[in-house]
>>> print(open('protein34.tsv').read())   # TSV, C-alpha atoms
chain	number	residue	atom	x	y	z
A	227	MET	CA	-9.51	-20.70	-26.92
A	228	ILE	CA	-9.46	-22.86	-23.76
A	229	SER	CA	-5.66	-22.91	-23.75
A	230	LYS	CA	-5.64	-19.10	-24.09
A	231	LYS	CA	-7.90	-18.83	-21.02
A	232	LEU	CA	-5.70	-21.21	-19.06
A	233	ASN	CA	-2.63	-19.19	-20.03
A	234	LEU	CA	-4.32	-16.04	-18.76
A	235	GLU	CA	-5.10	-17.75	-15.46
A	236	ARG	CA	-1.52	-18.97	-15.19
A	237	SER	CA	-0.24	-15.49	-16.00
A	238	PHE	CA	-2.53	-14.05	-13.32
A	239	TYR	CA	-1.22	-16.49	-10.70
A	240	PHE	CA	2.39	-15.94	-11.81
A	241	ILE	CA	2.21	-12.14	-11.63
A	242	PHE	CA	0.33	-12.31	-8.34
A	243	SER	CA	3.05	-14.61	-6.95
A	244	LEU	CA	5.67	-12.08	-8.10
A	245	ALA	CA	3.75	-9.40	-6.20
A	246	ILE	CA	3.95	-11.50	-3.04
A	247	LEU	CA	7.65	-12.18	-3.59
A	248	SER	CA	8.22	-8.47	-4.14
A	249	ARG	CA	6.32	-7.65	-0.91
A	250	VAL	CA	8.56	-10.09	1.00
A	251	VAL	CA	11.66	-8.38	-0.40
A	252	GLY	CA	10.06	-5.00	0.31
A	253	ASP	CA	9.44	-5.93	3.95
A	254	LEU	CA	13.10	-6.89	4.33
A	255	LEU	CA	14.28	-3.66	2.66
A	256	LEU	CA	11.94	-1.62	4.87
A	257	ASN	CA	13.81	-3.10	7.84
A	258	ARG	CA	10.80	-4.81	9.33
A	259	HIS	CA	13.37	-7.10	10.91
A	260	GLY	CA	14.40	-4.09	13.02
A	261	ILE	CA	10.81	-3.51	14.11
A	262	HIS	CA	10.50	-7.06	15.41
A	263	ALA	CA	13.94	-6.88	17.00
A	264	GLY	CA	12.79	-3.75	18.87
A	265	GLU	CA	15.33	-1.50	17.13
A	266	VAL	CA	12.99	0.34	14.76
A	267	PHE	CA	9.81	2.27	15.58
A	268	PRO	CA	6.74	0.18	14.70
A	269	SER	CA	5.32	2.62	12.21
A	270	ARG	CA	1.73	1.99	11.06
A	271	HIS	CA	1.07	-0.45	13.91
A	272	TYR	CA	-2.62	0.43	13.82
A	273	PHE	CA	-3.81	-2.73	15.58
A	274	SER	CA	-1.80	-1.89	18.68
A	275	PHE	CA	-3.84	-4.31	20.83
A	276	ILE	CA	-1.91	-7.06	18.99
A	277	PRO	CA	1.68	-6.86	20.24
A	278	ILE	CA	4.68	-6.74	17.91
A	279	TYR	CA	5.81	-10.33	17.63
A	280	PRO	CA	9.42	-11.55	17.79
A	281	VAL	CA	11.76	-11.85	14.80
A	282	SER	CA	11.21	-15.63	14.53
A	283	VAL	CA	7.45	-15.14	13.98
A	284	PHE	CA	8.19	-12.40	11.43
A	285	TYR	CA	10.25	-14.89	9.43
A	286	LEU	CA	7.46	-17.46	9.77
A	287	GLU	CA	5.12	-14.85	8.25
A	288	LEU	CA	7.49	-14.33	5.30
A	289	THR	CA	7.91	-18.10	4.84
A	290	LEU	CA	4.15	-18.62	4.70
A	291	ALA	CA	3.84	-15.85	2.11
A	292	LEU	CA	6.66	-17.33	0.01
A	293	ALA	CA	5.20	-20.84	0.24
A	294	GLY	CA	1.87	-19.44	-0.92
A	295	ALA	CA	3.57	-17.72	-3.87
A	296	VAL	CA	5.24	-21.00	-4.92
A	297	LEU	CA	2.02	-23.01	-4.57
A	298	LEU	CA	0.16	-20.53	-6.80
A	299	ASN	CA	2.43	-21.64	-9.64
A	300	LEU	CA	1.93	-25.31	-8.80
A	301	LYS	CA	-1.85	-24.96	-9.21
A	302	LYS	CA	-2.49	-25.57	-5.50
A	303	ILE	CA	-4.61	-22.45	-5.47
A	304	ARG	CA	-6.76	-22.98	-2.37
A	305	LEU	CA	-3.81	-24.00	-0.22
A	306	ALA	CA	-1.80	-21.06	-1.60
A	307	GLY	CA	-4.72	-18.74	-0.84
A	308	PHE	CA	-4.93	-20.08	2.71
A	309	LEU	CA	-1.20	-19.58	3.41
A	310	ILE	CA	-1.23	-16.07	1.95
A	311	VAL	CA	-4.33	-15.12	3.95
A	312	VAL	CA	-2.66	-16.27	7.19
A	313	ALA	CA	0.62	-14.50	6.33
A	314	TYR	CA	-1.11	-11.23	5.43
A	315	LEU	CA	-3.39	-11.23	8.45
A	316	MET	CA	-0.23	-11.57	10.50
A	317	GLY	CA	1.56	-8.86	8.53
A	318	LEU	CA	-1.32	-6.39	8.67
A	319	SER	CA	-1.58	-6.83	12.43
A	320	GLN	CA	2.01	-5.59	12.67
A	321	MET	CA	2.28	-2.94	9.96
A	322	PHE	CA	-0.73	-1.69	8.03
A	323	GLN	CA	-0.31	-1.12	4.31
A	324	ASN	CA	-3.10	-0.67	1.78
A	325	GLN	CA	-1.30	-2.88	-0.73
A	326	LYS	CA	-1.37	-5.70	1.82
A	327	THR	CA	-5.13	-5.38	2.26
A	328	LEU	CA	-5.53	-5.72	-1.51
A	329	ILE	CA	-3.34	-8.85	-1.56
A	330	LEU	CA	-5.35	-10.21	1.39
A	331	ILE	CA	-8.65	-9.63	-0.47
A	332	ILE	CA	-7.32	-11.39	-3.59
A	333	ALA	CA	-5.93	-14.32	-1.59
A	334	THR	CA	-9.24	-14.69	0.28
A	335	THR	CA	-11.06	-14.75	-3.06
A	336	LEU	CA	-8.74	-17.48	-4.36
A	337	LEU	CA	-9.08	-19.49	-1.15
A	338	LEU	CA	-12.87	-19.47	-1.45
A	339	ASN	CA	-13.18	-19.82	-5.19
A	340	PRO	CA	-10.14	-20.09	-7.50
A	341	LEU	CA	-10.42	-18.48	-10.95
A	342	SER	CA	-12.60	-20.60	-13.15
A	343	GLN	CA	-14.56	-20.21	-16.36
A	344	LYS	CA	-17.38	-22.32	-14.89
A	345	ASP	CA	-17.87	-20.09	-11.87
A	346	ARG	CA	-16.90	-16.60	-12.85
A	347	SER	CA	-17.85	-14.86	-9.63
A	348	SER	CA	-14.20	-14.54	-8.57
A	349	ILE	CA	-13.22	-12.93	-11.85
A	350	TRP	CA	-16.15	-10.54	-11.51
A	351	PHE	CA	-15.22	-9.70	-7.92
A	352	LEU	CA	-11.53	-9.15	-8.72
A	353	ARG	CA	-12.40	-6.84	-11.60
A	354	TYR	CA	-14.35	-4.71	-9.17
A	355	GLN	CA	-11.32	-4.54	-6.87
A	356	LEU	CA	-9.34	-2.87	-9.63
A	357	ILE	CA	-12.22	-0.54	-10.52
A	358	LEU	CA	-12.56	0.46	-6.86
A	359	VAL	CA	-8.85	1.08	-6.36
A	360	TYR	CA	-8.44	3.38	-9.36
A	361	SER	CA	-11.76	5.21	-9.14
A	362	ILE	CA	-11.60	5.80	-5.36
A	363	SER	CA	-7.95	6.83	-5.59
A	364	ALA	CA	-8.75	9.32	-8.38
A	365	LEU	CA	-11.74	10.73	-6.48
A	366	GLN	CA	-9.69	11.07	-3.29
A	367	LYS	CA	-7.09	13.03	-5.26
A	368	VAL	CA	-9.73	15.31	-6.77
A	369	PHE	CA	-11.34	16.04	-3.38
A	370	SER	CA	-8.05	16.57	-1.57
A	371	GLY	CA	-6.79	19.13	-4.11
A	372	PHE	CA	-4.03	16.87	-5.47
A	373	ASN	CA	-4.54	18.46	-8.91
A	374	ASP	CA	-2.71	21.64	-7.92
A	375	GLY	CA	0.57	19.70	-7.77
A	376	SER	CA	1.61	20.71	-4.25
A	377	ASP	CA	1.30	17.18	-2.81
A	378	LEU	CA	3.32	15.68	-5.65
A	379	LEU	CA	5.92	18.39	-5.17
A	380	LEU	CA	6.20	17.52	-1.45
A	381	THR	CA	6.33	13.79	-2.23
A	382	ALA	CA	9.17	14.42	-4.71
A	383	LYS	CA	10.97	16.56	-2.13
A	384	TYR	CA	10.86	13.68	0.36
A	385	LEU	CA	11.88	11.12	-2.28
A	386	LEU	CA	14.94	13.24	-3.11
A	387	THR	CA	16.18	12.63	0.43
A	388	ILE	CA	16.19	8.84	-0.02
A	389	GLU	CA	17.01	8.48	-3.75
A	390	ASN	CA	20.54	7.60	-4.89
A	391	ASN	CA	20.09	7.24	-8.65
A	392	SER	CA	21.19	10.46	-10.39
A	393	MET	CA	18.80	10.11	-13.33
A	394	ILE	CA	15.79	9.63	-11.06
A	395	LYS	CA	17.02	12.50	-8.90
A	396	GLN	CA	16.89	14.76	-11.96
A	397	LEU	CA	13.31	13.67	-12.57
A	398	LEU	CA	12.42	14.41	-8.95
A	399	ILE	CA	14.13	17.81	-9.15
A	400	SER	CA	12.02	18.64	-12.21
A	401	LEU	CA	8.92	17.93	-10.10
A	402	GLN	CA	10.01	20.73	-7.76
A	403	ASN	CA	8.68	23.06	-10.46
A	404	PRO	CA	5.03	23.76	-9.43
A	405	GLN	CA	3.78	23.87	-13.05
A	406	ILE	CA	5.39	20.54	-13.95
A	407	ALA	CA	4.12	18.98	-10.70
A	408	ALA	CA	0.59	20.20	-11.50
A	409	VAL	CA	0.71	18.73	-15.03
A	410	PHE	CA	1.91	15.35	-13.70
A	411	SER	CA	-0.76	15.42	-10.98
A	412	ILE	CA	-3.60	16.11	-13.41
A	413	ALA	CA	-2.27	13.45	-15.80
A	414	THR	CA	-2.17	10.89	-12.96
A	415	VAL	CA	-5.79	11.57	-12.01
A	416	ILE	CA	-6.98	11.41	-15.63
A	417	ILE	CA	-5.18	8.08	-16.22
A	418	GLU	CA	-6.65	6.63	-13.02
A	419	PHE	CA	-10.15	7.57	-14.17
A	420	ILE	CA	-9.56	6.24	-17.71
A	421	ILE	CA	-8.05	2.84	-16.81
A	422	PRO	CA	-11.25	1.10	-15.60
A	423	VAL	CA	-13.19	2.31	-18.67
A	424	ALA	CA	-10.37	1.30	-21.00
A	425	LEU	CA	-10.12	-2.15	-19.41
A	426	ILE	CA	-13.85	-2.75	-19.89
A	427	ARG	CA	-13.96	-1.47	-23.48
A	428	LYS	CA	-10.44	-2.19	-24.80
A	429	PRO	CA	-8.71	-4.49	-22.30
A	430	LYS	CA	-5.33	-4.58	-24.06
A	431	PHE	CA	-5.14	-0.78	-24.17
A	432	GLY	CA	-6.23	-0.68	-20.54
A	433	ILE	CA	-3.45	-3.08	-19.55
A	434	ALA	CA	-0.95	-0.92	-21.47
A	435	LEU	CA	-2.13	2.09	-19.42
A	436	VAL	CA	-1.75	0.10	-16.18
A	437	VAL	CA	1.81	-0.83	-17.16
A	438	PHE	CA	2.63	2.78	-18.15
A	439	LEU	CA	1.19	4.32	-14.95
A	440	HIS	CA	2.85	1.86	-12.60
A	441	PHE	CA	6.18	1.85	-14.45
A	442	SER	CA	6.29	5.65	-14.10
A	443	MET	CA	5.36	5.47	-10.41
A	444	ASN	CA	7.90	2.71	-9.73
A	445	LEU	CA	10.66	4.77	-11.28
A	446	MET	CA	10.28	7.41	-8.61
A	447	MET	CA	8.67	5.74	-5.63
A	448	LYS	CA	10.04	3.08	-3.36
A	449	ASP	CA	8.18	0.10	-1.95
A	450	ILE	CA	5.26	0.02	-4.38
A	451	THR	CA	6.42	-2.76	-6.75
A	452	ALA	CA	4.16	-5.32	-5.06
A	453	PHE	CA	1.18	-3.01	-5.46
A	454	SER	CA	2.00	-2.42	-9.14
A	455	LEU	CA	2.29	-6.15	-9.85
A	456	THR	CA	-0.97	-6.80	-8.01
A	457	MET	CA	-2.75	-4.22	-10.16
A	458	LEU	CA	-1.22	-5.74	-13.30
A	459	ALA	CA	-2.48	-9.20	-12.27
A	460	LEU	CA	-5.95	-7.77	-11.63
A	461	SER	CA	-5.95	-6.06	-15.03
A	462	LEU	CA	-5.46	-9.46	-16.69
A	463	THR	CA	-8.88	-10.56	-15.42
A	464	PHE	CA	-10.41	-8.14	-17.95
A	465	LEU	CA	-8.97	-10.27	-20.76
A	466	MET	CA	-10.60	-13.40	-19.40
A	467	ASP	CA	-13.68	-14.28	-21.38
A	468	PHE	CA	-16.44	-12.73	-19.36
A	469	ASP	CA	-18.81	-9.94	-20.30
A	470	LEU	CA	-19.10	-7.39	-17.50
A	471	ASP	CA	-22.53	-6.32	-18.75
A	472	LYS	CA	-24.10	-9.75	-18.35
B	258	MET	CA	-23.43	-6.75	-14.04
B	259	PRO	CA	-23.04	-9.39	-11.25
B	260	PRO	CA	-22.16	-12.95	-12.33
B	261	GLN	CA	-25.11	-15.00	-13.50
B	262	SER	CA	-24.88	-18.01	-11.26
B	263	SER	CA	-22.55	-18.91	-8.49
B	264	LYS	CA	-22.78	-20.15	-4.96
B	265	PHE	CA	-20.37	-17.34	-4.09
B	266	ARG	CA	-22.31	-14.63	-5.87
B	267	ALA	CA	-24.22	-13.47	-2.79
B	268	PHE	CA	-21.10	-13.53	-0.64
B	269	PHE	CA	-19.00	-11.50	-3.09
B	270	LYS	CA	-21.84	-9.02	-3.61
B	271	ALA	CA	-22.14	-8.53	0.15
B	272	LEU	CA	-18.38	-8.14	0.49
B	273	LEU	CA	-18.32	-5.58	-2.30
B	274	LEU	CA	-21.10	-3.59	-0.61
B	275	VAL	CA	-19.10	-3.55	2.64
B	276	GLU	CA	-16.04	-2.36	0.71
B	277	VAL	CA	-17.97	0.42	-1.01
B	278	PHE	CA	-19.37	1.54	2.35
B	279	TYR	CA	-15.89	1.48	3.93
B	280	LEU	CA	-14.30	3.36	1.03
B	281	SER	CA	-17.11	5.94	1.02
B	282	ALA	CA	-16.54	6.50	4.74
B	283	SER	CA	-12.84	7.14	4.03
B	284	PHE	CA	-13.86	10.40	2.27
B	285	PHE	CA	-15.34	11.75	5.49
B	286	ILE	CA	-13.19	10.13	8.18
B	287	PRO	CA	-9.49	10.95	7.71
B	288	GLN	CA	-8.38	8.11	10.00
B	289	ILE	CA	-9.72	5.49	7.57
B	290	PRO	CA	-6.87	4.65	5.16
B	291	GLY	CA	-9.12	3.95	2.13
B	292	TRP	CA	-7.45	4.23	-1.26
B	293	LYS	CA	-5.83	7.63	-0.82
B	294	MET	CA	-2.54	6.65	-2.48
B	295	PHE	CA	-0.58	9.87	-2.04
B	296	ALA	CA	-3.69	12.03	-2.48
B	297	SER	CA	-2.12	14.16	0.24
B	298	PHE	CA	1.40	14.16	1.61
B	299	HIS	CA	2.16	14.80	5.27
B	300	HIS	CA	5.77	14.34	6.30
B	301	ILE	CA	6.54	16.90	8.97
B	302	ASP	CA	10.01	18.28	9.54
B	303	PHE	CA	11.15	18.19	13.12
B	304	LYS	CA	14.31	18.11	15.21
B	305	LEU	CA	15.09	15.90	18.15
B	306	ILE	CA	17.89	17.12	20.42
B	307	ASP	CA	19.41	15.79	23.62
B	308	SER	CA	19.98	17.68	26.87
B	309	GLU	CA	23.27	19.06	25.54
B	310	GLY	CA	21.68	20.42	22.40
B	311	ARG	CA	23.07	17.76	20.06
B	312	ALA	CA	20.81	16.69	17.20
B	313	ILE	CA	19.69	13.07	17.29
B	314	ASP	CA	19.36	11.40	13.88
B	315	TYR	CA	15.94	9.75	14.09
B	316	ARG	CA	15.97	8.26	10.57
B	317	PRO	CA	17.68	4.96	11.56
B	318	PHE	CA	14.75	4.40	13.93
B	319	LEU	CA	12.20	4.58	11.11
B	320	PRO	CA	11.40	1.99	8.42
B	321	THR	CA	13.61	2.90	5.44
B	322	VAL	CA	10.67	4.30	3.47
B	323	THR	CA	8.20	6.33	5.52
B	324	TYR	CA	6.07	8.51	3.28
B	325	GLN	CA	3.62	9.80	5.85
B	326	LEU	CA	4.90	11.20	9.13
B	327	SER	CA	2.37	13.08	11.21
B	328	LYS	CA	2.89	15.03	14.43
B	329	PRO	CA	1.39	12.27	16.66
B	330	THR	CA	3.72	9.75	14.98
B	331	ALA	CA	6.71	12.08	15.53
B	332	LEU	CA	5.83	12.26	19.23
B	333	LYS	CA	5.56	8.46	19.49
B	334	LEU	CA	8.84	8.09	17.59
B	335	ALA	CA	10.57	10.54	19.94
B	336	GLN	CA	9.28	8.58	22.93
B	337	PHE	CA	10.49	5.31	21.35
B	338	ILE	CA	14.01	6.77	20.89
B	339	CYS	CA	14.01	8.37	24.34
B	340	LEU	CA	13.10	5.08	26.05
B	341	LYS	CA	16.09	3.43	24.35
B	342	SER	CA	18.46	6.20	25.33
B	343	ALA	CA	20.48	6.43	28.54
B	344	ASN	CA	19.95	10.19	28.55
B	345	LYS	CA	16.20	10.60	28.82
B	346	LYS	CA	16.17	14.36	28.55
B	347	MET	CA	15.22	15.21	25.01
B	348	THR	CA	13.46	17.99	23.18
B	349	LEU	CA	11.30	17.57	20.13
B	350	ILE	CA	11.23	20.77	18.08
B	351	ILE	CA	8.50	21.03	15.48
B	352	SER	CA	8.84	24.80	15.12
B	353	GLU	CA	10.16	27.69	17.21
B	354	ASP	CA	6.72	27.97	18.80
B	355	GLU	CA	6.14	24.28	19.27
B	356	LYS	CA	8.54	22.33	21.47
B	357	TYR	CA	8.01	19.19	23.52
B	358	PHE	CA	10.21	18.10	26.44
B	359	SER	CA	10.50	14.53	27.65
B	360	GLN	CA	9.28	13.96	31.18
B	361	GLY	CA	10.39	11.17	33.52
B	362	LEU	CA	11.50	7.62	32.86
B	363	LYS	CA	8.48	6.94	30.66
B	364	CYS	CA	9.59	9.71	28.29
B	365	ASP	CA	6.22	11.42	28.03
B	366	PHE	CA	6.71	14.41	25.74
B	367	GLN	CA	4.90	17.47	27.08
B	368	LYS	CA	4.43	20.75	25.25
B	369	THR	CA	5.91	23.82	26.90
>>> encode(input="protein34.tsv", output="structure tokens")
Amino acid sequence: MISKKLNLERSFYFIFSLAILSRVVGDLLLNRHGIHAGEVFPSRHYFSFIPIYPVSVFYLELTLALAGAVLLNLKKIRLAGFLIVVAYLMGLSQMFQNQKTLILIIATTLLLNPLSQKDRSSIWFLRYQLILVYSISALQKVFSGFNDGSDLLLTAKYLLTIENNSMIKQLLISLQNPQIAAVFSIATVIIEFIIPVALIRKPKFGIALVVFLHFSMNLMMKDITAFSLTMLALSLTFLMDFDLDK
Amino acid sequence: MPPQSSKFRAFFKALLLVEVFYLSASFFIPQIPGWKMFASFHHIDFKLIDSEGRAIDYRPFLPTVTYQLSKPTALKLAQFICLKSANKKMTLIISEDEKYFSQGLKCDFQKT
């Protein structure tokens, strides 16, 4: 039983480190290098009072994130958490992304209190992060009228302009049909509402739903692999031996 | 529901309350990112042309994946491109009724 718990913790750290690695690759593919070199528009630079730093500091940020990812797998959890917190505070100051705030929250949790069966407050807190992400996202979709399919249709239309894979293009073309887009939209909202309940009641089924939802999203959308892996890591906390009702 | 005993319990509970407050506010204040995750899609179509009427491809000046592109962002992007260009006379066309012309060396785009 103890070894099973330790394996779950290791799996959590491993998948979370993959999320960080994926975010580093994602930042390079997004051409953040160009932003720091002054060649690309600093999109989502919400904290504009902090200037865009030079390329060398950008690579320092990526190095800190990578070092943190490696240390997570070497059981140096607090040090890993510290490096990731620094890297993501830097990154968020330059280009805001929701997925980075989630990684920052998780890293801060690990820095303060690594996962442990003796002190389960981190596990409890991380479970709530997943519940908040899915439930708020689903509610936002309901209130913004996402269910009618028009936003998914527009998203697919934009994705068609940047997609090269012919099979995925066909899938995106099918979403240009308003009825199909509406069905996919409603299904997405329903799955987002179901996942937290499933994870609490039947964790393995819940994790399967997380994998299914994010695999489908990753097929079509770019730059969300890190987010998907982060949500998968968070879903593992529901398998760790801790009763949410206590 | 909260953990039974932990020196971090109070801290995590407080942090969670702040998060819930912030995420609740995101329903009423559109500027707060919250967890909207493609709940709405805004990627405006616009054209940027130089003084001789040639279209300027603005995509290389954007991060490779830019899902949301609002009008204020398009204006800032146009200014960014204009400042880098030798020819500072540019027009941003959002629609036939909505055109912005760059003004001066600072490339301020003004509506006409």
>>> closest_residue(input="protein34.tsv", among="B:Ile350, B:Ile306, B:Leu340, B:Met294", to="chain A", atoms="only C-alpha atoms")
B:Met294
>>> atom_distance(input="protein34.tsv", atom1="atom CA of Thr289 of chain A", atom2="atom CA of Ala313 of chain A")
8.3 Å
>>> residues_around(input="protein34.tsv", residues="segment 443-448 of chain A", least_positions_apart="3", cutoff="7 Å", atoms="only C-alpha atoms", output="VMD selection string")
(chain A and resid 394 439 to 440 451) or (chain B and resid 322)
>>> residues_around(input="protein34.tsv", residues="Ser243 of chain A", least_positions_apart="2", cutoff="12 Å", atoms="all atoms listed in the file", output="number ranges by chain")
A: 236-241, 245-250, 291-301, 303, 306-307, 310, 329, 332-333, 452-453, 455-456, 458-459
>>> atom_distance(input="protein34.tsv", atom1="atom CA of Thr330 of chain B", atom2="atom CA of Ser281 of chain B")
25.4 Å
>>> closest_atom_pairs(input="protein34.tsv", of="chain B", to="chain A", cutoff="8 Å", atoms="all atoms listed in the file", output="CSV")
residue,atom,partner,partner_atom,distance
B:Met258,CA,A:Asp471,CA,4.8
B:Pro259,CA,A:Trp350,CA,7.0
B:Pro260,CA,A:Ser347,CA,5.4
B:Gln261,CA,A:Lys472,CA,7.2
B:Ser262,CA,A:Asp345,CA,7.3
B:Ser263,CA,A:Asp345,CA,5.9
B:Phe265,CA,A:Ser347,CA,6.6
B:Arg266,CA,A:Ser347,CA,5.8
B:Phe269,CA,A:Phe351,CA,6.4
B:Lys270,CA,A:Phe351,CA,7.9
B:Leu273,CA,A:Phe351,CA,7.6
B:Val277,CA,A:Leu358,CA,8.0
B:Leu280,CA,A:Ile362,CA,7.4
B:Phe284,CA,A:Gln366,CA,7.0
B:Pro290,CA,A:Asn324,CA,7.3
B:Gly291,CA,A:Asn324,CA,7.6
B:Trp292,CA,A:Ser363,CA,5.1
B:Lys293,CA,A:Ser363,CA,5.3
B:Met294,CA,A:Ser363,CA,6.2
B:Phe295,CA,A:Asp377,CA,7.6
B:Ala296,CA,A:Lys367,CA,4.5
B:Ser297,CA,A:Asp377,CA,5.5
B:Phe298,CA,A:Asp377,CA,5.4
B:His300,CA,A:Tyr384,CA,7.9
B:Pro317,CA,A:Val266,CA,7.3
B:Phe318,CA,A:Val266,CA,4.5
B:Leu319,CA,A:Phe267,CA,5.6
B:Pro320,CA,A:Leu256,CA,5.1
B:Thr321,CA,A:Leu256,CA,4.9
B:Val322,CA,A:Leu256,CA,6.2
B:Tyr324,CA,A:Tyr384,CA,7.6
B:Thr330,CA,A:Ser269,CA,7.8
B:Leu334,CA,A:Phe267,CA,6.2
B:Phe337,CA,A:Phe267,CA,6.6
>>> axis_aligned_box(input="protein34.tsv", around="segment 318-322 of chain B", padding_each_side="6 Å", output="lines of an AutoDock Vina configuration file")
center_x = 12.7
center_y = 3.3
center_z = 8.7
size_x = 16.1
size_y = 14.6
size_z = 22.5
>>> closest_residue(input="protein34.tsv", among="B:Thr323, B:Ala267, B:Ile301, B:Ile338", to="Ser359 of chain B", atoms="only C-alpha atoms")
B:Ile338
>>> atom_distance(input="protein34.tsv", atom1="atom CA of Thr463 of chain A", atom2="atom CA of Arg353 of chain A")
6.4 Å
